[in-house]
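Below is start.cif, which holds mmCIF, C-alpha atoms.
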```
data_run
#
loop_
_atom_site.label_atom_id
_atom_site.label_comp_id
_atom_site.auth_asym_id
_atom_site.auth_seq_id
_atom_site.Cartn_x
_atom_site.Cartn_y
_atom_site.Cartn_z
CA MET Z 1 -76.30 151.01 68.44
CA ASN Z 2 -74.97 149.35 65.28
CA PRO Z 3 -72.57 146.46 65.92
CA ASP Z 4 -69.12 146.08 64.38
CA ILE Z 5 -69.72 144.47 61.01
CA LEU Z 6 -67.39 142.95 58.45
CA LEU Z 7 -69.09 142.53 55.07
CA THR Z 8 -67.24 140.48 52.52
CA ALA Z 9 -67.98 139.09 49.08
CA PHE Z 10 -68.82 135.40 49.03
CA PRO Z 11 -66.10 133.67 46.97
CA ALA Z 12 -67.19 132.01 43.73
CA THR Z 13 -63.65 130.78 42.91
CA ASP Z 14 -60.64 129.77 44.96
CA ASP Z 15 -58.21 132.48 43.90
CA GLU Z 16 -60.24 135.67 43.71
CA ALA Z 17 -59.66 138.79 45.78
CA LEU Z 18 -62.68 139.65 47.90
CA TYR Z 19 -64.34 143.02 48.34
CA TRP Z 20 -64.92 143.94 51.97
CA TRP Z 21 -66.38 146.73 54.15
CA HIS Z 22 -65.72 147.37 57.82
CA VAL Z 23 -68.59 149.04 59.65
CA SER Z 24 -67.99 150.38 63.15
CA ASP Z 25 -69.55 153.10 65.32
CA GLY Z 26 -72.38 153.47 62.83
CA ALA Z 27 -70.14 154.30 59.86
CA VAL Z 28 -68.15 152.57 57.11
CA GLN Z 29 -64.64 152.88 58.48
CA ALA Z 30 -62.76 151.19 55.64
CA TRP Z 31 -63.27 149.12 52.53
CA GLY Z 32 -61.16 147.41 49.92
CA CYS Z 33 -60.51 144.34 47.82
CA ASP Z 34 -57.94 141.84 49.09
CA PRO Z 35 -57.29 138.09 49.09
CA ASP Z 36 -57.57 138.13 52.91
CA PRO Z 37 -60.31 140.55 54.04
CA LEU Z 38 -59.83 139.69 57.71
CA VAL Z 39 -56.21 140.81 57.76
CA ALA Z 40 -56.77 143.78 55.45
CA SER Z 41 -59.70 145.18 57.42
CA GLN Z 42 -58.04 144.71 60.85
CA VAL Z 43 -61.56 144.28 62.18
CA TYR Z 44 -60.32 142.40 65.25
CA GLY Z 45 -58.56 144.71 67.67
CA PRO Z 46 -57.77 144.93 71.39
CA ASP Z 47 -61.14 146.59 72.00
CA THR Z 48 -63.07 144.42 69.52
CA PRO Z 49 -62.88 140.67 70.27
CA PRO Z 50 -64.12 138.23 67.59
CA GLU Z 51 -67.40 137.54 69.41
CA ASP Z 52 -68.32 141.23 69.13
CA VAL Z 53 -68.03 141.33 65.33
CA CYS Z 54 -70.88 140.33 63.00
CA ILE Z 55 -69.56 138.87 59.75
CA ILE Z 56 -71.84 138.88 56.70
CA ALA Z 57 -70.95 137.36 53.33
CA LEU Z 58 -72.70 138.77 50.26
CA VAL Z 59 -73.49 136.44 47.38
CA ALA Z 60 -73.45 137.91 43.88
CA SER Z 61 -76.86 138.10 42.24
CA ASN Z 62 -75.85 135.85 39.32
CA LEU Z 63 -75.23 133.00 41.81
CA THR Z 64 -78.64 133.11 43.45
CA SER Z 65 -82.27 132.96 42.41
CA ILE Z 66 -84.82 135.03 44.35
CA MET Z 67 -88.55 134.44 43.93
CA SER Z 68 -91.69 135.91 45.46
CA HIS Z 69 -94.75 133.76 46.20
CA ASP Z 70 -98.36 134.80 46.63
CA PRO Z 71 -100.01 134.35 50.06
CA ILE Z 72 -101.74 131.01 50.73
CA GLY Z 73 -105.14 131.34 52.39
CA ASP Z 74 -105.17 130.39 56.06
CA ALA Z 75 -101.82 128.59 55.98
CA THR Z 76 -99.53 128.97 58.97
CA GLU Z 77 -96.12 130.59 58.56
CA SER Z 78 -94.32 127.24 58.45
CA GLN Z 79 -96.82 125.84 55.94
CA ALA Z 80 -96.52 128.90 53.69
CA LEU Z 81 -92.71 128.76 53.77
CA ALA Z 82 -92.69 125.02 53.10
CA ALA Z 83 -94.98 125.46 50.09
CA ALA Z 84 -92.84 128.34 48.76
CA LYS Z 85 -89.64 126.28 49.07
CA MET Z 86 -91.28 123.38 47.21
CA VAL Z 87 -92.21 125.71 44.34
CA ALA Z 88 -88.69 127.20 44.29
CA LYS Z 89 -87.14 123.74 44.21
CA ALA Z 90 -89.44 122.63 41.38
CA ARG Z 91 -88.42 125.66 39.30
CA SER Z 92 -84.71 125.31 40.05
CA LEU Z 93 -82.44 124.00 37.33
CA GLU Z 94 -80.22 122.25 39.87
CA GLY Z 95 -82.92 119.95 41.24
CA ASP Z 96 -81.98 118.39 44.55
CA ASN Z 97 -78.55 120.01 44.61
CA VAL Z 98 -79.92 123.36 45.77
CA HIS Z 99 -80.16 125.06 49.16
CA ILE Z 100 -83.30 127.17 49.63
CA VAL Z 101 -84.15 129.64 52.36
CA GLY Z 102 -87.27 131.76 52.79
CA ARG Z 103 -88.93 134.50 54.77
CA LEU Z 104 -92.54 135.55 55.19
CA ALA Z 105 -93.67 139.18 55.04
CA GLU Z 106 -96.46 140.57 57.22
CA SER Z 107 -98.67 140.57 54.12
CA GLY Z 108 -98.31 136.80 53.91
CA GLU Z 109 -96.17 136.96 50.78
CA ALA Z 110 -93.19 134.59 50.91
CA VAL Z 111 -89.78 135.24 49.37
CA THR Z 112 -87.30 132.44 48.68
CA ALA Z 113 -83.66 132.49 47.70
CA SER Z 114 -81.76 129.50 46.35
CA ILE Z 115 -78.10 128.68 45.74
CA GLY Z 116 -76.26 125.57 44.63
CA ARG Z 117 -75.15 123.39 47.53
CA ASN Z 118 -71.74 122.69 45.98
CA LEU Z 119 -71.11 126.40 45.46
CA LEU Z 120 -72.19 127.22 49.01
CA SER Z 121 -70.00 124.47 50.49
CA ALA Z 122 -66.92 125.46 48.47
CA GLY Z 123 -67.32 129.15 49.35
CA LEU Z 124 -67.65 128.36 53.06
CA VAL Z 125 -64.50 126.24 52.96
CA HIS Z 126 -62.65 129.11 51.25
CA LEU Z 127 -63.79 131.64 53.86
CA GLN Z 128 -63.04 129.36 56.78
CA ALA Z 129 -59.53 128.80 55.41
CA LEU Z 130 -59.11 132.59 55.77
CA GLY Z 131 -60.36 132.41 59.36
CA ILE Z 132 -63.78 133.79 58.41
CA ASP Z 133 -66.86 131.98 59.68
CA PRO Z 134 -69.74 134.23 58.59
CA ASP Z 135 -72.76 134.71 60.82
CA ALA Z 136 -74.94 135.25 57.75
CA ILE Z 137 -74.72 134.64 54.00
CA ILE Z 138 -77.26 136.71 52.07
CA PRO Z 139 -77.81 137.76 48.45
CA SER Z 140 -76.12 141.11 47.88
CA GLY Z 141 -79.23 142.46 46.17
CA TRP Z 142 -81.26 141.81 49.32
CA LEU Z 143 -79.52 144.79 50.92
CA LEU Z 144 -81.03 147.16 48.35
CA PRO Z 145 -84.11 148.97 49.64
CA VAL Z 146 -87.52 148.82 47.97
CA VAL Z 147 -88.64 152.20 46.63
CA SER Z 148 -92.23 153.15 45.86
CA ASP Z 149 -91.54 154.65 42.45
CA GLY Z 150 -89.09 152.83 40.21
CA ALA Z 151 -86.09 150.64 40.81
CA VAL Z 152 -82.68 151.02 42.42
CA SER Z 153 -79.23 149.80 41.49
CA ALA Z 154 -75.95 149.40 43.35
CA ASP Z 155 -72.39 148.53 42.42
CA PHE Z 156 -70.66 146.34 45.03
CA GLY Z 157 -67.55 145.98 42.92
CA PHE Z 158 -67.98 142.24 42.57
CA ASP Z 159 -71.67 142.59 41.65
CA ARG Z 160 -73.77 145.18 39.88
CA VAL Z 161 -77.38 144.58 40.89
CA LEU Z 162 -80.86 145.98 40.17
CA ARG Z 163 -83.93 145.72 42.39
CA PHE Z 164 -87.60 146.39 41.83
CA GLU Z 165 -89.74 145.16 44.73
CA THR Z 166 -88.84 141.46 44.98
CA ILE Z 167 -87.21 141.28 41.54
CA ILE Z 168 -83.45 141.21 42.06
CA ALA Z 169 -81.22 140.70 39.06
CA THR Z 170 -77.74 141.38 37.72
CA ASP Z 171 -77.48 144.88 36.27
CA ASP Z 172 -76.99 143.79 32.71
CA PRO Z 173 -77.96 146.13 29.84
CA ALA Z 174 -80.02 143.41 28.17
CA LEU Z 175 -81.91 142.66 31.37
CA ARG Z 176 -82.46 146.36 31.98
CA GLU Z 177 -84.08 146.63 28.59
CA ILE Z 178 -86.31 143.64 29.22
CA LEU Z 179 -87.23 143.96 32.91
CA PHE Z 180 -86.73 147.61 33.79
CA ALA Z 181 -87.26 149.50 30.53
CA ASP Z 182 -90.28 151.43 31.79
CA LEU Z 183 -88.82 152.18 35.24
CA ALA Z 184 -86.59 154.94 36.48
CA VAL Z 185 -83.52 153.34 38.04
CA ALA Z 186 -81.92 155.32 40.86
CA PRO Z 187 -78.31 154.38 41.63
CA ILE Z 188 -77.34 153.99 45.30
CA THR Z 189 -73.98 155.67 45.82
CA GLY Z 190 -72.01 157.66 48.34
CA ASP Z 191 -73.67 158.14 51.73
CA ALA Z 192 -76.75 156.18 50.65
CA PHE Z 193 -74.54 153.19 49.79
CA ASP Z 194 -72.76 153.46 53.18
CA ALA Z 195 -76.13 153.64 54.97
CA MET Z 196 -77.20 150.47 53.15
CA MET Z 197 -74.05 148.66 54.32
CA ILE Z 198 -74.45 149.95 57.88
CA ASP Z 199 -77.98 148.47 58.02
CA ALA Z 200 -76.81 145.09 56.67
CA ALA Z 201 -77.15 143.45 60.10
CA GLU Z 202 -80.90 144.12 59.96
CA ARG Z 203 -81.26 142.35 56.60
CA ARG Z 204 -80.37 138.82 57.66
CA ASP Z 205 -83.87 137.38 57.32
CA LEU Z 206 -82.91 135.67 54.04
CA ASN Z 207 -79.88 133.84 55.39
CA PHE Z 208 -78.26 130.86 53.63
CA ARG Z 209 -76.64 129.81 56.93
CA SER Z 210 -79.46 127.47 57.89
CA GLY Z 211 -80.12 123.76 57.96
CA PRO Z 212 -76.93 121.80 57.17
CA PHE Z 213 -75.07 125.09 56.60
CA ALA Z 214 -76.03 126.68 59.93
CA LYS Z 215 -73.17 128.17 61.91
CA LYS Z 216 -72.00 126.06 64.79
CA ILE Z 217 -72.28 127.98 68.03
CA GLN Z 218 -69.28 127.80 70.33
CA ARG Z 219 -70.48 128.39 73.84
CA ALA Z 220 -67.99 130.06 76.15
CA MET Z 221 -68.41 131.45 79.64
CA ASP Z 222 -67.34 134.96 80.48
CA SER Z 223 -65.81 135.88 83.83
CA THR Z 224 -69.19 136.79 85.32
CA GLN Z 225 -70.71 133.42 84.33
CA LYS Z 226 -67.67 131.56 85.67
CA ARG Z 227 -67.90 133.45 88.96
CA ARG Z 228 -71.63 132.72 89.17
CA LEU Z 229 -70.98 129.02 88.44
CA GLY Z 230 -68.32 128.96 91.17
CA TRP Z 231 -70.76 130.41 93.70
CA MET Z 232 -73.38 127.86 92.65
CA VAL Z 233 -70.92 124.97 93.13
CA ALA Z 234 -69.90 126.37 96.52
CA ALA Z 235 -73.55 126.71 97.53
CA LEU Z 236 -74.23 123.13 96.39
CA LEU Z 237 -71.35 121.84 98.51
CA VAL Z 238 -72.58 123.81 101.53
CA VAL Z 239 -76.10 122.41 101.11
CA THR Z 240 -74.72 118.88 100.56
CA PHE Z 241 -72.81 119.01 103.84
CA ALA Z 242 -75.51 120.93 105.68
CA ILE Z 243 -78.25 118.33 105.07
CA PRO Z 244 -76.55 115.43 106.96
CA LEU Z 245 -75.40 117.82 109.69
CA VAL Z 246 -78.96 119.05 110.20
CA GLN Z 247 -80.22 115.44 110.21
CA LEU Z 248 -77.53 114.50 112.74
CA ALA Z 249 -78.53 117.41 114.95
CA LYS Z 250 -82.20 116.41 114.69
CA TYR Z 251 -81.36 112.82 115.65
CA HIS Z 252 -79.25 114.09 118.55
CA TRP Z 253 -82.08 116.28 119.81
CA ALA Z 254 -84.58 113.42 119.36
CA ALA Z 255 -82.29 111.02 121.27
CA ASP Z 256 -81.92 113.54 124.10
CA ALA Z 257 -85.70 113.96 124.23
CA ALA Z 258 -86.18 110.16 124.27
CA ASP Z 259 -83.62 109.79 127.10
CA GLU Z 260 -85.37 112.47 129.12
CA THR Z 261 -88.73 110.75 128.58
CA ALA Z 262 -87.25 107.36 129.54
CA LEU Z 263 -85.65 108.77 132.71
CA ALA Z 264 -88.93 110.43 133.66
CA THR Z 265 -90.82 107.15 133.16
CA ALA Z 266 -88.21 105.08 135.05
CA ALA Z 267 -88.19 107.55 137.93
CA ALA Z 268 -91.72 106.46 138.85
CA VAL Z 269 -90.41 102.89 139.36
CA VAL Z 270 -86.78 103.11 140.46
CA GLY Z 271 -86.48 106.76 141.48
CA GLU Z 272 -84.33 109.50 139.97
CA GLN Z 273 -81.35 108.20 137.96
CA PRO Z 274 -78.41 110.22 136.55
CA ASP Z 275 -78.52 108.67 133.07
CA PRO Z 276 -80.39 106.04 130.99
CA ASP Z 277 -77.74 103.34 131.60
CA SER Z 278 -78.15 103.67 135.35
CA ALA Z 279 -81.93 103.55 134.96
CA GLU Z 280 -81.67 100.37 132.86
CA ARG Z 281 -79.46 98.65 135.44
CA ALA Z 282 -81.82 99.66 138.24
CA LEU Z 283 -84.81 98.29 136.33
CA ASP Z 284 -82.96 94.99 135.69
CA GLN Z 285 -82.22 94.65 139.38
CA ARG Z 286 -85.84 95.39 140.19
CA LEU Z 287 -87.04 92.73 137.73
CA ILE Z 288 -84.61 90.15 139.10
CA ALA Z 289 -85.69 90.92 142.61
CA GLU Z 290 -89.31 90.38 141.66
CA ASN Z 291 -88.53 87.25 139.60
CA LYS Z 292 -89.42 89.10 136.43
CA GLY Z 293 -86.02 89.49 134.86
CA ASN Z 294 -83.96 86.89 133.01
CA ILE Z 295 -85.64 84.05 134.95
CA MET Z 296 -89.11 84.84 133.64
CA PHE Z 297 -90.75 82.00 131.71
CA PRO Z 298 -90.45 83.54 128.20
CA VAL Z 299 -86.65 83.76 128.34
CA PRO Z 300 -85.72 80.07 128.83
CA ALA Z 301 -88.82 78.88 126.97
CA SER Z 302 -88.03 80.90 123.87
CA ALA Z 303 -84.40 79.74 123.98
CA LEU Z 304 -85.59 76.10 124.14
CA TYR Z 305 -87.94 76.53 121.16
CA SER Z 306 -85.20 78.28 119.20
CA ALA Z 307 -82.84 75.33 119.80
CA LEU Z 308 -85.55 72.82 118.80
CA GLN Z 309 -86.09 74.63 115.46
CA GLN Z 310 -82.44 74.02 114.58
CA VAL Z 311 -82.61 70.26 115.13
CA PRO Z 312 -84.98 68.13 113.02
CA ASN Z 313 -86.80 65.04 114.33
CA VAL Z 314 -86.85 66.28 117.95
CA ALA Z 315 -90.20 67.17 119.52
CA ILE Z 316 -91.34 68.50 122.87
CA THR Z 317 -94.12 66.58 124.59
CA ARG Z 318 -94.37 68.42 127.90
CA MET Z 319 -93.42 71.77 129.40
CA ALA Z 320 -93.93 73.23 132.88
CA TYR Z 321 -92.75 76.33 134.74
CA GLY Z 322 -92.02 76.65 138.40
CA GLU Z 323 -92.07 79.72 140.60
CA ASN Z 324 -88.30 79.32 141.05
CA GLY Z 325 -87.89 80.29 137.38
CA ILE Z 326 -87.04 76.76 136.17
CA VAL Z 327 -88.63 75.41 133.01
CA SER Z 328 -89.04 71.63 132.87
CA ALA Z 329 -89.78 69.79 129.65
CA THR Z 330 -89.72 66.37 128.04
CA LEU Z 331 -88.03 65.95 124.65
CA THR Z 332 -88.56 62.94 122.41
CA ALA Z 333 -86.71 61.61 119.39
CA VAL Z 334 -85.79 58.34 117.68
CA ARG Z 335 -82.38 58.20 119.37
CA ASN Z 336 -80.73 59.96 122.29
CA GLU Z 337 -78.06 61.22 119.92
CA ASP Z 338 -80.75 63.29 118.17
CA ILE Z 339 -81.56 65.11 121.42
CA ASN Z 340 -77.95 66.00 122.27
CA PRO Z 341 -77.65 68.95 119.77
CA VAL Z 342 -80.59 70.66 121.50
CA LEU Z 343 -78.91 70.39 124.88
CA ILE Z 344 -75.57 71.60 123.50
CA ALA Z 345 -77.23 74.62 121.85
CA MET Z 346 -78.90 75.57 125.13
CA GLN Z 347 -75.61 75.31 127.03
CA GLU Z 348 -73.77 77.40 124.43
CA ALA Z 349 -76.51 80.03 124.83
CA GLY Z 350 -75.56 80.25 128.52
CA PHE Z 351 -78.49 78.40 130.10
CA ILE Z 352 -78.06 75.94 132.93
CA ILE Z 353 -79.67 72.59 132.08
CA THR Z 354 -80.09 69.09 133.47
CA ALA Z 355 -81.13 66.06 131.42
CA THR Z 356 -82.29 62.57 132.38
CA PRO Z 357 -82.53 60.21 129.37
CA ARG Z 358 -85.02 57.34 129.25
CA THR Z 359 -86.94 55.14 126.82
CA ASP Z 360 -90.74 55.08 126.59
CA ALA Z 361 -92.99 52.06 125.92
CA THR Z 362 -92.66 52.48 122.13
CA GLY Z 363 -88.87 52.44 122.22
CA SER Z 364 -88.47 56.17 121.45
CA ALA Z 365 -85.72 58.06 123.22
CA GLN Z 366 -86.85 60.69 125.69
CA ALA Z 367 -85.11 63.19 127.95
CA ASP Z 368 -86.58 64.97 130.93
CA ILE Z 369 -84.76 68.32 131.12
CA THR Z 370 -84.75 71.46 133.22
CA VAL Z 371 -83.69 74.86 131.93
CA ARG Z 372 -82.74 77.84 134.05
CA ALA Z 373 -81.53 81.20 132.95
CA PRO Z 374 -78.09 82.26 134.23
#
```
Can you dump the structure from the file as structure tokens?
Amino acid sequence: MNPDILLTAFPATDDEALYWWHVSDGAVQAWGCDPDPLVASQVYGPDTPPEDVCIIALVASNLTSIMSHDPIGDATESQALAAAKMVAKARSLEGDNVHIVGRLAESGEAVTASIGRNLLSAGLVHLQALGIDPDAIIPSGWLLPVVSDGAVSADFGFDRVLRFETIIATDDPALREILFADLAVAPITGDAFDAMMIDAAERRDLNFRSGPFAKKIQRAMDSTQKRRLGWMVAALLVVTFAIPLVQLAKYHWAADAADETALATAAAVVGEQPDPDSAERALDQRLIAENKGNIMFPVPASALYSALQQVPNVAITRMAYGENGIVSATLTAVRNEDINPVLIAMQEAGFIITATPRTDATGSAQADITVRAP
């Protein structure tokens, strides 16, 4: 199905009225020549939003130069187009101030079209001031079909153009005599002209809206996309909250399994217990009863070594352990005052200590101590 199309002449001056054609439902619905084609055509309606209308600007043939280029061996499409554009630029009278576009036929033959950059920029500014931002800007003569026998001509109102294969030129009597003297020229009028305008959307392969003149795409979300995005955000939030909840549940199940395993293991020693805390207390009582709890050698001994590490210049020369759970040791230092921090640290840790200071044969201070866990 053909889209809604607004075709308008590309302005060459700032104050000219522009020819326009409105194509809808596969037919030319209206046409005219007005300073503001958008208002005159009424192309935008309640059932036709702007995004559903294809706008094409037609450049008069005297403002463009179209050239055909022979195929280049085994060159890729991009290489062939690049070479064709270089040739077109070299032959252009405007030098660097020219915008060139190209297309490649299935036969490998390239066609280029060129237009002055200043002219293209000024025309775009004019159209955009009218609220028109064309999707394509193409030479008007490019719409004319290629016929097998002879040439064709068309009158767009703002441009009378002739075409023979890839030769597109202004329909001037002098040029007719020079370029088309031996050819039969068939005018395109009436229904054939309307059909040509209806098919304009399929002829955008030679489009000046490229490179620095490409149309900026405004991305907007329709209601379906917004609804889909909302569901995606909701799903993301659900997953975000579900992950820690699942992890928490896994940890809870793992903790329950560990408690059950611990209770089963403790039951072999202290009998059945209602919960892990009760099992731990029963095991502590069992260890104390068997002299294997807090009064075991490693507890006071490790506390004594920990206190010694915090005080420099104090050494331990002897250590013994009795069956009553008391650790006895001899500490040595230069002065008794150096030993006192060790004893204070042990007391603050909750251990019960005794200390008997003395002096050895070398004059060093010593203390015979006992340490017992509370």
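Between Asp36 in chain Z and the candidates Z:Arg228, Z:His126, Z:His252, Z:Lys85, the tightest atom-to-atom separation, counting all atoms listed in the file, involves Z:His126.
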Residues near Val23 in chain Z, cut-off 7 Å, all atoms listed in the file, skip fewer than 3 positions along chain, as number ranges by chain: Z: 4-6, 26-29, 198
Kindly indicate which residue among Z:Ala169, Z:Ala214, Z:Leu144, Z:Ala249 lies nearest to Thr189 in chain Z, using only C-alpha atoms for the distances.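 Closest candidate: Z:Leu144.
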Can you tell me, as a list in words, what residues are no more than 9 Å from Asp199 in chain Z when counting only C-alpha atoms, ignoring any on the same chain fewer than 3 positions away? Asn2, Gly26, Leu143, Asp194, Ala195, Met196, Glu202 and Arg203 of chain Z
Exercise: range 107-123 of chain Z partners within 7 Å, only C-alpha atoms, chain neighbours under 6 positions left out, as a list in words: Phe10, Pro11, Ala12, Leu63, Thr64, Ser65, Ile66, Met67, Ser68, His69, Asp70, Pro71, Leu81, Ala84, Lys85, Ala88, Asn97, Val98, His99, Ile100 and Val101 of chain Z
Using Å and a single decimal, report how far CA of Glu337 in chain Z sits from CA of Arg358 in chain Z.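 Taking CA of Arg358 in chain Z and CA of Glu337 in chain Z, their separation equals 12.3 Å.
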Minimum-distance residue to Leu104 in chain Z, chosen among Z:Leu263, Z:Ala201, Z:Ala75, Z:Ala279 (using all atoms listed in the file): Z:Ala75
Rounded to one decimal place, report the CA of Val269 in chain Z-CA of Ala282 in chain Z distance in Å.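 Value for the CA of Val269 in chain Z-CA of Ala282 in chain Z distance: 9.2 Å.
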Can you tell me which residues surround Trp31 in chain Z at a distance of at most 7 Å, considering only C-alpha atoms, apart from same-chain residues fewer than 2 positions away, and format the answer as a PDB file with C-alpha atoms, in the coordinates of the input?
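As a result, part_7.pdb now contains:
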```pdb
ATOM      1  CA  TRP Z  20     -64.920 143.940  51.970  1.00  0.00           C
ATOM      2  CA  TRP Z  21     -66.380 146.730  54.150  1.00  0.00           C
ATOM      3  CA  HIS Z  22     -65.720 147.370  57.820  1.00  0.00           C
TER       4      HIS Z  22
END
```
Between Z:Thr359, Z:Thr332, Z:Thr48, Z:Thr8, which has the minimum distance to Asp25 in chain Z (counting all atoms listed in the file)?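 Residue with the minimum atom-to-atom distance to Asp25 in chain Z: Z:Thr48.
Non-sequential neighbours of Met346 in chain Z (distance at most 8 Å, separation of 5 or more positions within a chain, all atoms listed in the file) are Ala303, Leu304, Ala307, Phe351, Ile352 and Ile353 of chain Z.
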Kindly export the residues of the current selection with C-alpha atoms, as a PDB file, in the coordinates of the input.
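Contents of out_15.pdb, as written:
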```pdb
ATOM      1  CA  ALA Z 303     -84.400  79.740 123.980  1.00  0.00           C
ATOM      2  CA  LEU Z 304     -85.590  76.100 124.140  1.00  0.00           C
ATOM      3  CA  ALA Z 307     -82.840  75.330 119.800  1.00  0.00           C
ATOM      4  CA  PHE Z 351     -78.490  78.400 130.100  1.00  0.00           C
ATOM      5  CA  ILE Z 352     -78.060  75.940 132.930  1.00  0.00           C
ATOM      6  CA  ILE Z 353     -79.670  72.590 132.080  1.00  0.00           C
TER       7      ILE Z 353
END
```
Once N, CA and C atoms are restored for range 346-361 of chain Z, what would the output be as a PDB file, in the coordinates of the input?
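Wrote part27.pdb, looks like this:
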```pdb
ATOM      1  N   MET Z 346     -78.432  74.846 123.958  1.00  0.00           N
ATOM      2  CA  MET Z 346     -78.900  75.570 125.130  1.00  0.00           C
ATOM      3  C   MET Z 346     -77.718  75.964 126.029  1.00  0.00           C
ATOM      4  N   GLN Z 347     -76.781  75.015 126.209  1.00  0.00           N
ATOM      5  CA  GLN Z 347     -75.610  75.310 127.030  1.00  0.00           C
ATOM      6  C   GLN Z 347     -74.760  76.423 126.409  1.00  0.00           C
ATOM      7  N   GLU Z 348     -74.571  76.353 125.089  1.00  0.00           N
ATOM      8  CA  GLU Z 348     -73.770  77.400 124.430  1.00  0.00           C
ATOM      9  C   GLU Z 348     -74.444  78.760 124.529  1.00  0.00           C
ATOM     10  N   ALA Z 349     -75.788  78.766 124.668  1.00  0.00           N
ATOM     11  CA  ALA Z 349     -76.510  80.030 124.830  1.00  0.00           C
ATOM     12  C   ALA Z 349     -76.405  80.551 126.265  1.00  0.00           C
ATOM     13  N   GLY Z 350     -75.790  79.763 127.154  1.00  0.00           N
ATOM     14  CA  GLY Z 350     -75.560  80.250 128.520  1.00  0.00           C
ATOM     15  C   GLY Z 350     -76.572  79.765 129.538  1.00  0.00           C
ATOM     16  N   PHE Z 351     -77.480  78.884 129.139  1.00  0.00           N
ATOM     17  CA  PHE Z 351     -78.490  78.400 130.100  1.00  0.00           C
ATOM     18  C   PHE Z 351     -77.955  77.194 130.858  1.00  0.00           C
ATOM     19  N   ILE Z 352     -78.448  77.080 132.076  1.00  0.00           N
ATOM     20  CA  ILE Z 352     -78.060  75.940 132.930  1.00  0.00           C
ATOM     21  C   ILE Z 352     -79.128  74.856 132.762  1.00  0.00           C
ATOM     22  N   ILE Z 353     -78.704  73.658 132.354  1.00  0.00           N
ATOM     23  CA  ILE Z 353     -79.670  72.590 132.080  1.00  0.00           C
ATOM     24  C   ILE Z 353     -79.274  71.309 132.811  1.00  0.00           C
ATOM     25  N   THR Z 354     -80.297  70.479 133.023  1.00  0.00           N
ATOM     26  CA  THR Z 354     -80.090  69.090 133.470  1.00  0.00           C
ATOM     27  C   THR Z 354     -80.875  68.205 132.523  1.00  0.00           C
ATOM     28  N   ALA Z 355     -80.445  66.963 132.344  1.00  0.00           N
ATOM     29  CA  ALA Z 355     -81.130  66.060 131.420  1.00  0.00           C
ATOM     30  C   ALA Z 355     -81.063  64.635 131.948  1.00  0.00           C
ATOM     31  N   THR Z 356     -82.217  63.973 131.957  1.00  0.00           N
ATOM     32  CA  THR Z 356     -82.290  62.570 132.380  1.00  0.00           C
ATOM     33  C   THR Z 356     -82.865  61.764 131.216  1.00  0.00           C
ATOM     34  N   PRO Z 357     -82.032  60.971 130.529  1.00  0.00           N
ATOM     35  CA  PRO Z 357     -82.530  60.210 129.370  1.00  0.00           C
ATOM     36  C   PRO Z 357     -83.308  58.968 129.829  1.00  0.00           C
ATOM     37  N   ARG Z 358     -84.253  58.559 128.998  1.00  0.00           N
ATOM     38  CA  ARG Z 358     -85.020  57.340 129.250  1.00  0.00           C
ATOM     39  C   ARG Z 358     -85.638  56.884 127.938  1.00  0.00           C
ATOM     40  N   THR Z 359     -86.289  55.710 128.012  1.00  0.00           N
ATOM     41  CA  THR Z 359     -86.940  55.140 126.820  1.00  0.00           C
ATOM     42  C   THR Z 359     -88.389  54.881 127.172  1.00  0.00           C
ATOM     43  N   ASP Z 360     -89.327  55.293 126.275  1.00  0.00           N
ATOM     44  CA  ASP Z 360     -90.740  55.080 126.590  1.00  0.00           C
ATOM     45  C   ASP Z 360     -91.177  53.709 126.105  1.00  0.00           C
ATOM     46  N   ALA Z 361     -92.461  53.391 126.247  1.00  0.00           N
ATOM     47  CA  ALA Z 361     -92.990  52.060 125.920  1.00  0.00           C
ATOM     48  C   ALA Z 361     -92.844  51.729 124.439  1.00  0.00           C
TER      49      ALA Z 361
END
```
